Amino acid sequence: MAEVATGPLAALLDRRAIRLGETAADREDAIRRSGAVLVETGAVDPAYVDTMLARERSVSTYVGEGVAIPHGTLAGKDAVRRDALAVLRFPAGVDWGGEQVVVCVAIAARGDGHVALLAQLAEILLDPERARALREATEADEVLRLLKPVDEETDS
């Protein structure tokens with residue numbers, strides 16, 4: 001696979017942006033919480049959260065395996081300070097239009113960076129064992145390890 005300009009997923013994930021014991025009343029609440037973590041870590045301006053909600057209203061960000069990848073619309077790019085991820089785990093699950101979401105991987109990306117990030121995330125989520133491990137992770141180090149490319153993981 002070609003080297004991605006945005007770098008490995010784990011490199012975009014600030015340890016402070018990993019929250020593994022979250023609760024949310026519904027999908028909108030989960031997206032707001034995910035966006036708030038991106039704001040807290042300085043990746044985005046607060047206006048980005050509204051574009052995340054707008055994206056969800058136009059198309060569901062549920063990707064399967066209990067995972068959703070909320071991200072902003074094209075209009076939200078100006079509110080992104082730096083490419084970043086946030087991983088929030090909702091152990092009790094969140095109803096996501098009839099699907100149960102346990103993990104939200106929130107994406108902030110300038111330009112077309114989100115396309116490469118989505119491709120890297122898809123590679124992880126297509127592996128049912130890695131997706132299950134991500135849903136069940138209780139430690140930040142485990143999340144960081146799971147987001148490393150498969151070929152790098154065996155080196156460590």
# chains A, B, ... in the order shown; residues from 1 in each chain; ligands from 1

$ select_by_dssp --residues "region 102-149 of chain A" --states "strand (DSSP E or B)" --output "list in words"
Val102, Val103, Cys104, Val105, Ala106, Ile107 and Ala108 of chain A

$ write_last_selection --atoms "all heavy atoms" --output "PDB file, in the first residue's frame"
ATOM      1  N   VAL A 102     -20.534   1.051  19.396  1.00  0.00           N
ATOM      2  CA  VAL A 102     -19.777   0.991  20.633  1.00  0.00           C
ATOM      3  C   VAL A 102     -18.547   1.911  20.555  1.00  0.00           C
ATOM      4  O   VAL A 102     -18.099   2.432  21.558  1.00  0.00           O
ATOM      5  CB  VAL A 102     -19.349  -0.465  20.949  1.00  0.00           C
ATOM      6  CG1 VAL A 102     -18.519  -0.540  22.219  1.00  0.00           C
ATOM      7  CG2 VAL A 102     -20.579  -1.357  21.065  1.00  0.00           C
ATOM      8  N   VAL A 103     -18.033   2.113  19.345  1.00  0.00           N
ATOM      9  CA  VAL A 103     -16.839   2.941  19.158  1.00  0.00           C
ATOM     10  C   VAL A 103     -17.089   4.012  18.108  1.00  0.00           C
ATOM     11  O   VAL A 103     -17.577   3.712  17.012  1.00  0.00           O
ATOM     12  CB  VAL A 103     -15.615   2.094  18.727  1.00  0.00           C
ATOM     13  CG1 VAL A 103     -14.416   2.989  18.405  1.00  0.00           C
ATOM     14  CG2 VAL A 103     -15.246   1.096  19.814  1.00  0.00           C
ATOM     15  N   CYS A 104     -16.746   5.251  18.455  1.00  0.00           N
ATOM     16  CA  CYS A 104     -16.743   6.349  17.482  1.00  0.00           C
ATOM     17  C   CYS A 104     -15.285   6.751  17.255  1.00  0.00           C
ATOM     18  O   CYS A 104     -14.565   7.022  18.215  1.00  0.00           O
ATOM     19  CB  CYS A 104     -17.487   7.581  18.015  1.00  0.00           C
ATOM     20  SG  CYS A 104     -19.263   7.454  17.906  1.00  0.00           S
ATOM     21  N   VAL A 105     -14.889   6.749  16.009  1.00  0.00           N
ATOM     22  CA  VAL A 105     -13.579   7.269  15.633  1.00  0.00           C
ATOM     23  C   VAL A 105     -13.854   8.577  14.903  1.00  0.00           C
ATOM     24  O   VAL A 105     -14.239   8.583  13.740  1.00  0.00           O
ATOM     25  CB  VAL A 105     -12.794   6.292  14.731  1.00  0.00           C
ATOM     26  CG1 VAL A 105     -11.427   6.883  14.381  1.00  0.00           C
ATOM     27  CG2 VAL A 105     -12.633   4.935  15.410  1.00  0.00           C
ATOM     28  N   ALA A 106     -13.724   9.679  15.629  1.00  0.00           N
ATOM     29  CA  ALA A 106     -14.000  11.001  15.054  1.00  0.00           C
ATOM     30  C   ALA A 106     -12.791  11.451  14.247  1.00  0.00           C
ATOM     31  O   ALA A 106     -11.650  11.275  14.677  1.00  0.00           O
ATOM     32  CB  ALA A 106     -14.306  12.004  16.162  1.00  0.00           C
ATOM     33  N   ILE A 107     -13.063  12.025  13.083  1.00  0.00           N
ATOM     34  CA  ILE A 107     -11.999  12.436  12.172  1.00  0.00           C
ATOM     35  C   ILE A 107     -12.052  13.938  11.922  1.00  0.00           C
ATOM     36  O   ILE A 107     -13.116  14.485  11.627  1.00  0.00           O
ATOM     37  CB  ILE A 107     -12.138  11.715  10.814  1.00  0.00           C
ATOM     38  CG1 ILE A 107     -12.054  10.204  11.007  1.00  0.00           C
ATOM     39  CG2 ILE A 107     -11.084  12.201   9.823  1.00  0.00           C
ATOM     40  CD1 ILE A 107     -12.367   9.413   9.756  1.00  0.00           C
ATOM     41  N   ALA A 108     -10.891  14.568  12.037  1.00  0.00           N
ATOM     42  CA  ALA A 108     -10.727  15.969  11.631  1.00  0.00           C
ATOM     43  C   ALA A 108      -9.614  15.966  10.599  1.00  0.00           C
ATOM     44  O   ALA A 108      -8.528  15.463  10.867  1.00  0.00           O
ATOM     45  CB  ALA A 108     -10.337  16.840  12.816  1.00  0.00           C
TER      46      ALA A 108
END

$ residues_around --residues "Leu20 (chain A)" --least-positions-apart "4" --cutoff "10 Å" --atoms "only C-alpha atoms" --output "ChimeraX atom specification"
/A:87-91,102-103,135-140,143

$ closest_residue --among "A:Gly66, A:Thr73, A:Arg81, A:Ala24" --to "Asp45 (chain A)" --atoms "only C-alpha atoms"
A:Arg81

$ closest_residue --among "A:Ile31, A:Val80, A:Ala131, A:Val44" --to "Arg57 (chain A)" --atoms "only C-alpha atoms"
A:Ile31

$ closest_residue --among "A:Ala86, A:Leu146, A:Val49, A:Leu9" --to "Asp127 (chain A)" --atoms "only C-alpha atoms"
A:Leu146

$ residues_around --residues "Leu118 (chain A)" --least-positions-apart "4" --cutoff "12 Å" --atoms "only C-alpha atoms" --output "ChimeraX atom specification"
/A:4,6,8-9,61,63,68-71,85,105-109,112-114,122-126

$ write_last_selection --atoms "C-alpha atoms" --output "PDB file, in the first residue's frame"
ATOM      1  CA  VAL A   4      -0.172   8.003   3.012  1.00  0.00           C
ATOM      2  CA  THR A   6      -1.271  11.894   6.658  1.00  0.00           C
ATOM      3  CA  PRO A   8      -0.259   6.273  10.403  1.00  0.00           C
ATOM      4  CA  LEU A   9      -3.562   6.600  12.210  1.00  0.00           C
ATOM      5  CA  THR A  61     -21.303   7.538   9.399  1.00  0.00           C
ATOM      6  CA  VAL A  63     -19.407   1.712   8.983  1.00  0.00           C
ATOM      7  CA  ALA A  68     -19.068   4.929  13.446  1.00  0.00           C
ATOM      8  CA  ILE A  69     -16.663   7.493  12.008  1.00  0.00           C
ATOM      9  CA  PRO A  70     -18.211  10.920  12.555  1.00  0.00           C
ATOM     10  CA  HIS A  71     -16.510  13.689  10.580  1.00  0.00           C
ATOM     11  CA  LEU A  85      -8.524  11.495  15.430  1.00  0.00           C
ATOM     12  CA  VAL A 105     -13.579   7.269  15.633  1.00  0.00           C
ATOM     13  CA  ALA A 106     -14.000  11.001  15.054  1.00  0.00           C
ATOM     14  CA  ILE A 107     -11.999  12.436  12.172  1.00  0.00           C
ATOM     15  CA  ALA A 108     -10.727  15.969  11.631  1.00  0.00           C
ATOM     16  CA  ALA A 109      -8.881  16.487   8.362  1.00  0.00           C
ATOM     17  CA  ASP A 112      -8.693  15.408   1.275  1.00  0.00           C
ATOM     18  CA  GLY A 113      -6.871  13.921   4.254  1.00  0.00           C
ATOM     19  CA  HIS A 114     -10.027  12.222   5.483  1.00  0.00           C
ATOM     20  CA  ALA A 122     -11.519   0.489   6.681  1.00  0.00           C
ATOM     21  CA  GLU A 123      -8.488  -1.816   6.526  1.00  0.00           C
ATOM     22  CA  ILE A 124      -8.627  -2.247  10.301  1.00  0.00           C
ATOM     23  CA  LEU A 125     -12.402  -2.634  10.458  1.00  0.00           C
ATOM     24  CA  LEU A 126     -12.460  -5.243   7.690  1.00  0.00           C
TER      25      LEU A 126
END

$ closest_residue --among "A:Asp29, A:Glu129, A:Glu142, A:Asp83" --to "Glu65 (chain A)" --atoms "only C-alpha atoms"
A:Glu129

$ select_by_dssp --residues "chain A" --states "helix (DSSP H, G or I)" --output "VMD selection string"
chain A and resid 9 to 12 27 to 40 47 to 58 74 to 79 113 to 125 128 to 136 140 to 146 150 to 153

$ write_last_selection --atoms "C-alpha atoms" --output "mmCIF file, in the first residue's frame"
data_model
loop_
_atom_site.group_PDB
_atom_site.id
_atom_site.type_symbol
_atom_site.label_atom_id
_atom_site.label_comp_id
_atom_site.auth_asym_id
_atom_site.auth_seq_id
_atom_site.Cartn_x
_atom_site.Cartn_y
_atom_site.Cartn_z
ATOM 1 C CA LEU A 9 -3.562 6.600 12.210
ATOM 2 C CA ALA A 10 -1.913 6.230 15.616
ATOM 3 C CA ALA A 11 0.274 9.272 14.890
ATOM 4 C CA LEU A 12 -2.871 11.411 14.576
ATOM 5 C CA ARG A 27 -26.371 9.382 18.159
ATOM 6 C CA GLU A 28 -26.376 13.197 18.251
ATOM 7 C CA ASP A 29 -25.046 13.203 21.812
ATOM 8 C CA ALA A 30 -22.290 10.741 20.825
ATOM 9 C CA ILE A 31 -21.269 12.964 17.901
ATOM 10 C CA ARG A 32 -21.265 16.071 20.114
ATOM 11 C CA ARG A 33 -19.069 14.275 22.666
ATOM 12 C CA SER A 34 -16.718 13.090 19.916
ATOM 13 C CA GLY A 35 -16.458 16.591 18.508
ATOM 14 C CA ALA A 36 -15.890 18.061 21.964
ATOM 15 C CA VAL A 37 -12.814 15.844 22.384
ATOM 16 C CA LEU A 38 -11.399 17.157 19.079
ATOM 17 C CA VAL A 39 -12.024 20.709 20.359
ATOM 18 C CA GLU A 40 -10.423 19.960 23.767
ATOM 19 C CA ALA A 47 -17.788 25.256 14.735
ATOM 20 C CA TYR A 48 -16.525 21.898 13.384
ATOM 21 C CA VAL A 49 -18.914 19.993 15.673
ATOM 22 C CA ASP A 50 -21.920 21.502 13.879
ATOM 23 C CA THR A 51 -20.541 20.277 10.553
ATOM 24 C CA MET A 52 -20.158 16.782 12.056
ATOM 25 C CA LEU A 53 -23.855 16.833 12.929
ATOM 26 C CA ALA A 54 -24.711 18.138 9.441
ATOM 27 C CA ARG A 55 -22.715 15.281 7.857
ATOM 28 C CA GLU A 56 -24.611 12.741 9.932
ATOM 29 C CA ARG A 57 -27.953 14.243 8.886
ATOM 30 C CA SER A 58 -27.006 13.846 5.212
ATOM 31 C CA LEU A 74 -16.556 20.058 3.294
ATOM 32 C CA ALA A 75 -17.743 23.367 4.764
ATOM 33 C CA GLY A 76 -16.134 22.372 8.067
ATOM 34 C CA LYS A 77 -12.589 22.153 6.663
ATOM 35 C CA ASP A 78 -11.876 25.767 7.662
ATOM 36 C CA ALA A 79 -12.545 24.855 11.304
ATOM 37 C CA GLY A 113 -6.871 13.921 4.254
ATOM 38 C CA HIS A 114 -10.027 12.222 5.483
ATOM 39 C CA VAL A 115 -10.107 9.980 2.387
ATOM 40 C CA ALA A 116 -6.761 8.403 3.288
ATOM 41 C CA LEU A 117 -7.803 8.135 6.938
ATOM 42 C CA LEU A 118 -11.050 6.406 5.985
ATOM 43 C CA ALA A 119 -9.129 3.933 3.816
ATOM 44 C CA GLN A 120 -6.770 3.111 6.699
ATOM 45 C CA LEU A 121 -9.669 2.730 9.123
ATOM 46 C CA ALA A 122 -11.519 0.489 6.681
ATOM 47 C CA GLU A 123 -8.488 -1.816 6.526
ATOM 48 C CA ILE A 124 -8.627 -2.247 10.301
ATOM 49 C CA LEU A 125 -12.402 -2.634 10.458
ATOM 50 C CA PRO A 128 -13.254 -8.761 12.462
ATOM 51 C CA GLU A 129 -10.704 -9.602 15.174
ATOM 52 C CA ARG A 130 -9.167 -6.120 15.143
ATOM 53 C CA ALA A 131 -12.622 -4.522 15.058
ATOM 54 C CA ARG A 132 -13.695 -6.662 18.041
ATOM 55 C CA ALA A 133 -10.527 -5.759 19.930
ATOM 56 C CA LEU A 134 -11.179 -2.069 19.266
ATOM 57 C CA ARG A 135 -14.759 -2.401 20.577
ATOM 58 C CA GLU A 136 -13.496 -4.154 23.706
ATOM 59 C CA ALA A 140 -5.347 3.701 25.620
ATOM 60 C CA ASP A 141 -2.221 1.701 24.691
ATOM 61 C CA GLU A 142 -4.401 -1.044 23.223
ATOM 62 C CA VAL A 143 -6.243 1.480 21.031
ATOM 63 C CA LEU A 144 -2.946 2.957 19.824
ATOM 64 C CA ARG A 145 -1.603 -0.529 19.029
ATOM 65 C CA LEU A 146 -4.746 -1.469 17.103
ATOM 66 C CA VAL A 150 -0.756 -4.538 10.413
ATOM 67 C CA ASP A 151 2.794 -4.791 9.071
ATOM 68 C CA GLU A 152 4.116 -2.397 11.772
ATOM 69 C CA GLU A 153 2.287 -4.176 14.576
#

$ closest_residue --among "A:Val59, A:Ala25, A:Val101, A:Ala17" --to "Gly42 (chain A)" --atoms "only C-alpha atoms"
A:Ala17

$ atom_distance --atom1 "CA of Tyr62 (chain A)" --atom2 "CA of Glu22 (chain A)"
17.7 Å

$ atom_distance --atom1 "CA of Gly93 (chain A)" --atom2 "CA of Val67 (chain A)"
10.1 Å

$ decode --residues "region 3-149 of chain A" --atoms "C-alpha atoms" --output "PDB file, in the first residue's frame"
ATOM      1  CA  GLU A   3       2.606   5.691   1.912  1.00  0.00           C
ATOM      2  CA  VAL A   4      -0.172   8.003   3.012  1.00  0.00           C
ATOM      3  CA  ALA A   5       0.695  11.665   3.424  1.00  0.00           C
ATOM      4  CA  THR A   6      -1.271  11.894   6.658  1.00  0.00           C
ATOM      5  CA  GLY A   7       0.860   9.185   8.276  1.00  0.00           C
ATOM      6  CA  PRO A   8      -0.259   6.273  10.403  1.00  0.00           C
ATOM      7  CA  LEU A   9      -3.562   6.600  12.210  1.00  0.00           C
ATOM      8  CA  ALA A  10      -1.913   6.230  15.616  1.00  0.00           C
ATOM      9  CA  ALA A  11       0.274   9.272  14.890  1.00  0.00           C
ATOM     10  CA  LEU A  12      -2.871  11.411  14.576  1.00  0.00           C
ATOM     11  CA  LEU A  13      -4.330  10.169  17.841  1.00  0.00           C
ATOM     12  CA  ASP A  14      -3.410  12.206  20.908  1.00  0.00           C
ATOM     13  CA  ARG A  15      -3.570   9.989  23.992  1.00  0.00           C
ATOM     14  CA  ARG A  16      -5.871  12.629  25.561  1.00  0.00           C
ATOM     15  CA  ALA A  17      -8.338  11.987  22.720  1.00  0.00           C
ATOM     16  CA  ILE A  18      -8.919   8.367  23.754  1.00  0.00           C
ATOM     17  CA  ARG A  19     -11.977   8.078  26.001  1.00  0.00           C
ATOM     18  CA  LEU A  20     -13.000   4.509  26.741  1.00  0.00           C
ATOM     19  CA  GLY A  21     -15.796   4.852  29.304  1.00  0.00           C
ATOM     20  CA  GLU A  22     -18.213   7.293  27.640  1.00  0.00           C
ATOM     21  CA  THR A  23     -22.004   7.377  27.725  1.00  0.00           C
ATOM     22  CA  ALA A  24     -24.364   9.051  25.292  1.00  0.00           C
ATOM     23  CA  ALA A  25     -28.129   9.425  25.209  1.00  0.00           C
ATOM     24  CA  ASP A  26     -28.282   9.048  21.423  1.00  0.00           C
ATOM     25  CA  ARG A  27     -26.371   9.382  18.159  1.00  0.00           C
ATOM     26  CA  GLU A  28     -26.376  13.197  18.251  1.00  0.00           C
ATOM     27  CA  ASP A  29     -25.046  13.203  21.812  1.00  0.00           C
ATOM     28  CA  ALA A  30     -22.290  10.741  20.825  1.00  0.00           C
ATOM     29  CA  ILE A  31     -21.269  12.964  17.901  1.00  0.00           C
ATOM     30  CA  ARG A  32     -21.265  16.071  20.114  1.00  0.00           C
ATOM     31  CA  ARG A  33     -19.069  14.275  22.666  1.00  0.00           C
ATOM     32  CA  SER A  34     -16.718  13.090  19.916  1.00  0.00           C
ATOM     33  CA  GLY A  35     -16.458  16.591  18.508  1.00  0.00           C
ATOM     34  CA  ALA A  36     -15.890  18.061  21.964  1.00  0.00           C
ATOM     35  CA  VAL A  37     -12.814  15.844  22.384  1.00  0.00           C
ATOM     36  CA  LEU A  38     -11.399  17.157  19.079  1.00  0.00           C
ATOM     37  CA  VAL A  39     -12.024  20.709  20.359  1.00  0.00           C
ATOM     38  CA  GLU A  40     -10.423  19.960  23.767  1.00  0.00           C
ATOM     39  CA  THR A  41      -7.246  18.645  22.122  1.00  0.00           C
ATOM     40  CA  GLY A  42      -6.961  21.722  19.905  1.00  0.00           C
ATOM     41  CA  ALA A  43      -7.539  19.895  16.607  1.00  0.00           C
ATOM     42  CA  VAL A  44     -10.653  21.841  15.615  1.00  0.00           C
ATOM     43  CA  ASP A  45     -12.615  24.981  16.395  1.00  0.00           C
ATOM     44  CA  PRO A  46     -16.031  24.471  18.050  1.00  0.00           C
ATOM     45  CA  ALA A  47     -17.788  25.256  14.735  1.00  0.00           C
ATOM     46  CA  TYR A  48     -16.525  21.898  13.384  1.00  0.00           C
ATOM     47  CA  VAL A  49     -18.914  19.993  15.673  1.00  0.00           C
ATOM     48  CA  ASP A  50     -21.920  21.502  13.879  1.00  0.00           C
ATOM     49  CA  THR A  51     -20.541  20.277  10.553  1.00  0.00           C
ATOM     50  CA  MET A  52     -20.158  16.782  12.056  1.00  0.00           C
ATOM     51  CA  LEU A  53     -23.855  16.833  12.929  1.00  0.00           C
ATOM     52  CA  ALA A  54     -24.711  18.138   9.441  1.00  0.00           C
ATOM     53  CA  ARG A  55     -22.715  15.281   7.857  1.00  0.00           C
ATOM     54  CA  GLU A  56     -24.611  12.741   9.932  1.00  0.00           C
ATOM     55  CA  ARG A  57     -27.953  14.243   8.886  1.00  0.00           C
ATOM     56  CA  SER A  58     -27.006  13.846   5.212  1.00  0.00           C
ATOM     57  CA  VAL A  59     -25.466  10.340   5.444  1.00  0.00           C
ATOM     58  CA  SER A  60     -24.910   7.929   8.321  1.00  0.00           C
ATOM     59  CA  THR A  61     -21.303   7.538   9.399  1.00  0.00           C
ATOM     60  CA  TYR A  62     -21.930   4.013  10.694  1.00  0.00           C
ATOM     61  CA  VAL A  63     -19.407   1.712   8.983  1.00  0.00           C
ATOM     62  CA  GLY A  64     -20.225  -1.669  10.494  1.00  0.00           C
ATOM     63  CA  GLU A  65     -18.733  -3.838  13.256  1.00  0.00           C
ATOM     64  CA  GLY A  66     -20.205  -1.500  15.910  1.00  0.00           C
ATOM     65  CA  VAL A  67     -18.127   1.454  14.703  1.00  0.00           C
ATOM     66  CA  ALA A  68     -19.068   4.929  13.446  1.00  0.00           C
ATOM     67  CA  ILE A  69     -16.663   7.493  12.008  1.00  0.00           C
ATOM     68  CA  PRO A  70     -18.211  10.920  12.555  1.00  0.00           C
ATOM     69  CA  HIS A  71     -16.510  13.689  10.580  1.00  0.00           C
ATOM     70  CA  GLY A  72     -17.388  17.120   9.272  1.00  0.00           C
ATOM     71  CA  THR A  73     -18.660  18.328   5.932  1.00  0.00           C
ATOM     72  CA  LEU A  74     -16.556  20.058   3.294  1.00  0.00           C
ATOM     73  CA  ALA A  75     -17.743  23.367   4.764  1.00  0.00           C
ATOM     74  CA  GLY A  76     -16.134  22.372   8.067  1.00  0.00           C
ATOM     75  CA  LYS A  77     -12.589  22.153   6.663  1.00  0.00           C
ATOM     76  CA  ASP A  78     -11.876  25.767   7.662  1.00  0.00           C
ATOM     77  CA  ALA A  79     -12.545  24.855  11.304  1.00  0.00           C
ATOM     78  CA  VAL A  80      -9.837  22.152  11.286  1.00  0.00           C
ATOM     79  CA  ARG A  81      -6.544  23.302  12.818  1.00  0.00           C
ATOM     80  CA  ARG A  82      -4.709  19.998  12.272  1.00  0.00           C
ATOM     81  CA  ASP A  83      -5.509  16.468  11.113  1.00  0.00           C
ATOM     82  CA  ALA A  84      -6.473  14.391  14.130  1.00  0.00           C
ATOM     83  CA  LEU A  85      -8.524  11.495  15.430  1.00  0.00           C
ATOM     84  CA  ALA A  86     -10.473  10.904  18.617  1.00  0.00           C
ATOM     85  CA  VAL A  87     -11.571   7.450  19.768  1.00  0.00           C
ATOM     86  CA  LEU A  88     -14.546   7.251  22.094  1.00  0.00           C
ATOM     87  CA  ARG A  89     -15.878   3.962  23.410  1.00  0.00           C
ATOM     88  CA  PHE A  90     -19.471   3.723  24.598  1.00  0.00           C
ATOM     89  CA  PRO A  91     -19.589   0.391  26.490  1.00  0.00           C
ATOM     90  CA  ALA A  92     -23.397   0.446  26.781  1.00  0.00           C
ATOM     91  CA  GLY A  93     -23.751   1.140  23.056  1.00  0.00           C
ATOM     92  CA  VAL A  94     -25.535   3.936  21.221  1.00  0.00           C
ATOM     93  CA  ASP A  95     -28.475   3.464  18.845  1.00  0.00           C
ATOM     94  CA  TRP A  96     -27.223   4.652  15.447  1.00  0.00           C
ATOM     95  CA  GLY A  97     -30.258   4.536  13.203  1.00  0.00           C
ATOM     96  CA  GLY A  98     -31.052   0.962  14.205  1.00  0.00           C
ATOM     97  CA  GLU A  99     -27.426  -0.192  14.568  1.00  0.00           C
ATOM     98  CA  GLN A 100     -25.534  -0.440  17.868  1.00  0.00           C
ATOM     99  CA  VAL A 101     -22.374   1.648  17.959  1.00  0.00           C
ATOM    100  CA  VAL A 102     -19.777   0.991  20.633  1.00  0.00           C
ATOM    101  CA  VAL A 103     -16.839   2.941  19.158  1.00  0.00           C
ATOM    102  CA  CYS A 104     -16.743   6.349  17.482  1.00  0.00           C
ATOM    103  CA  VAL A 105     -13.579   7.269  15.633  1.00  0.00           C
ATOM    104  CA  ALA A 106     -14.000  11.001  15.054  1.00  0.00           C
ATOM    105  CA  ILE A 107     -11.999  12.436  12.172  1.00  0.00           C
ATOM    106  CA  ALA A 108     -10.727  15.969  11.631  1.00  0.00           C
ATOM    107  CA  ALA A 109      -8.881  16.487   8.362  1.00  0.00           C
ATOM    108  CA  ARG A 110      -7.978  19.379   6.128  1.00  0.00           C
ATOM    109  CA  GLY A 111      -8.056  18.980   2.370  1.00  0.00           C
ATOM    110  CA  ASP A 112      -8.693  15.408   1.275  1.00  0.00           C
ATOM    111  CA  GLY A 113      -6.871  13.921   4.254  1.00  0.00           C
ATOM    112  CA  HIS A 114     -10.027  12.222   5.483  1.00  0.00           C
ATOM    113  CA  VAL A 115     -10.107   9.980   2.387  1.00  0.00           C
ATOM    114  CA  ALA A 116      -6.761   8.403   3.288  1.00  0.00           C
ATOM    115  CA  LEU A 117      -7.803   8.135   6.938  1.00  0.00           C
ATOM    116  CA  LEU A 118     -11.050   6.406   5.985  1.00  0.00           C
ATOM    117  CA  ALA A 119      -9.129   3.933   3.816  1.00  0.00           C
ATOM    118  CA  GLN A 120      -6.770   3.111   6.699  1.00  0.00           C
ATOM    119  CA  LEU A 121      -9.669   2.730   9.123  1.00  0.00           C
ATOM    120  CA  ALA A 122     -11.519   0.489   6.681  1.00  0.00           C
ATOM    121  CA  GLU A 123      -8.488  -1.816   6.526  1.00  0.00           C
ATOM    122  CA  ILE A 124      -8.627  -2.247  10.301  1.00  0.00           C
ATOM    123  CA  LEU A 125     -12.402  -2.634  10.458  1.00  0.00           C
ATOM    124  CA  LEU A 126     -12.460  -5.243   7.690  1.00  0.00           C
ATOM    125  CA  ASP A 127     -10.539  -7.506  10.075  1.00  0.00           C
ATOM    126  CA  PRO A 128     -13.254  -8.761  12.462  1.00  0.00           C
ATOM    127  CA  GLU A 129     -10.704  -9.602  15.174  1.00  0.00           C
ATOM    128  CA  ARG A 130      -9.167  -6.120  15.143  1.00  0.00           C
ATOM    129  CA  ALA A 131     -12.622  -4.522  15.058  1.00  0.00           C
ATOM    130  CA  ARG A 132     -13.695  -6.662  18.041  1.00  0.00           C
ATOM    131  CA  ALA A 133     -10.527  -5.759  19.930  1.00  0.00           C
ATOM    132  CA  LEU A 134     -11.179  -2.069  19.266  1.00  0.00           C
ATOM    133  CA  ARG A 135     -14.759  -2.401  20.577  1.00  0.00           C
ATOM    134  CA  GLU A 136     -13.496  -4.154  23.706  1.00  0.00           C
ATOM    135  CA  ALA A 137     -10.395  -2.031  24.391  1.00  0.00           C
ATOM    136  CA  THR A 138     -10.155  -0.664  27.919  1.00  0.00           C
ATOM    137  CA  GLU A 139      -6.634   0.816  27.744  1.00  0.00           C
ATOM    138  CA  ALA A 140      -5.347   3.701  25.620  1.00  0.00           C
ATOM    139  CA  ASP A 141      -2.221   1.701  24.691  1.00  0.00           C
ATOM    140  CA  GLU A 142      -4.401  -1.044  23.223  1.00  0.00           C
ATOM    141  CA  VAL A 143      -6.243   1.480  21.031  1.00  0.00           C
ATOM    142  CA  LEU A 144      -2.946   2.957  19.824  1.00  0.00           C
ATOM    143  CA  ARG A 145      -1.603  -0.529  19.029  1.00  0.00           C
ATOM    144  CA  LEU A 146      -4.746  -1.469  17.103  1.00  0.00           C
ATOM    145  CA  LEU A 147      -4.486   1.644  14.941  1.00  0.00           C
ATOM    146  CA  LYS A 148      -0.978   0.806  13.750  1.00  0.00           C
ATOM    147  CA  PRO A 149      -0.745  -0.731  10.279  1.00  0.00           C
TER     148      PRO A 149
END
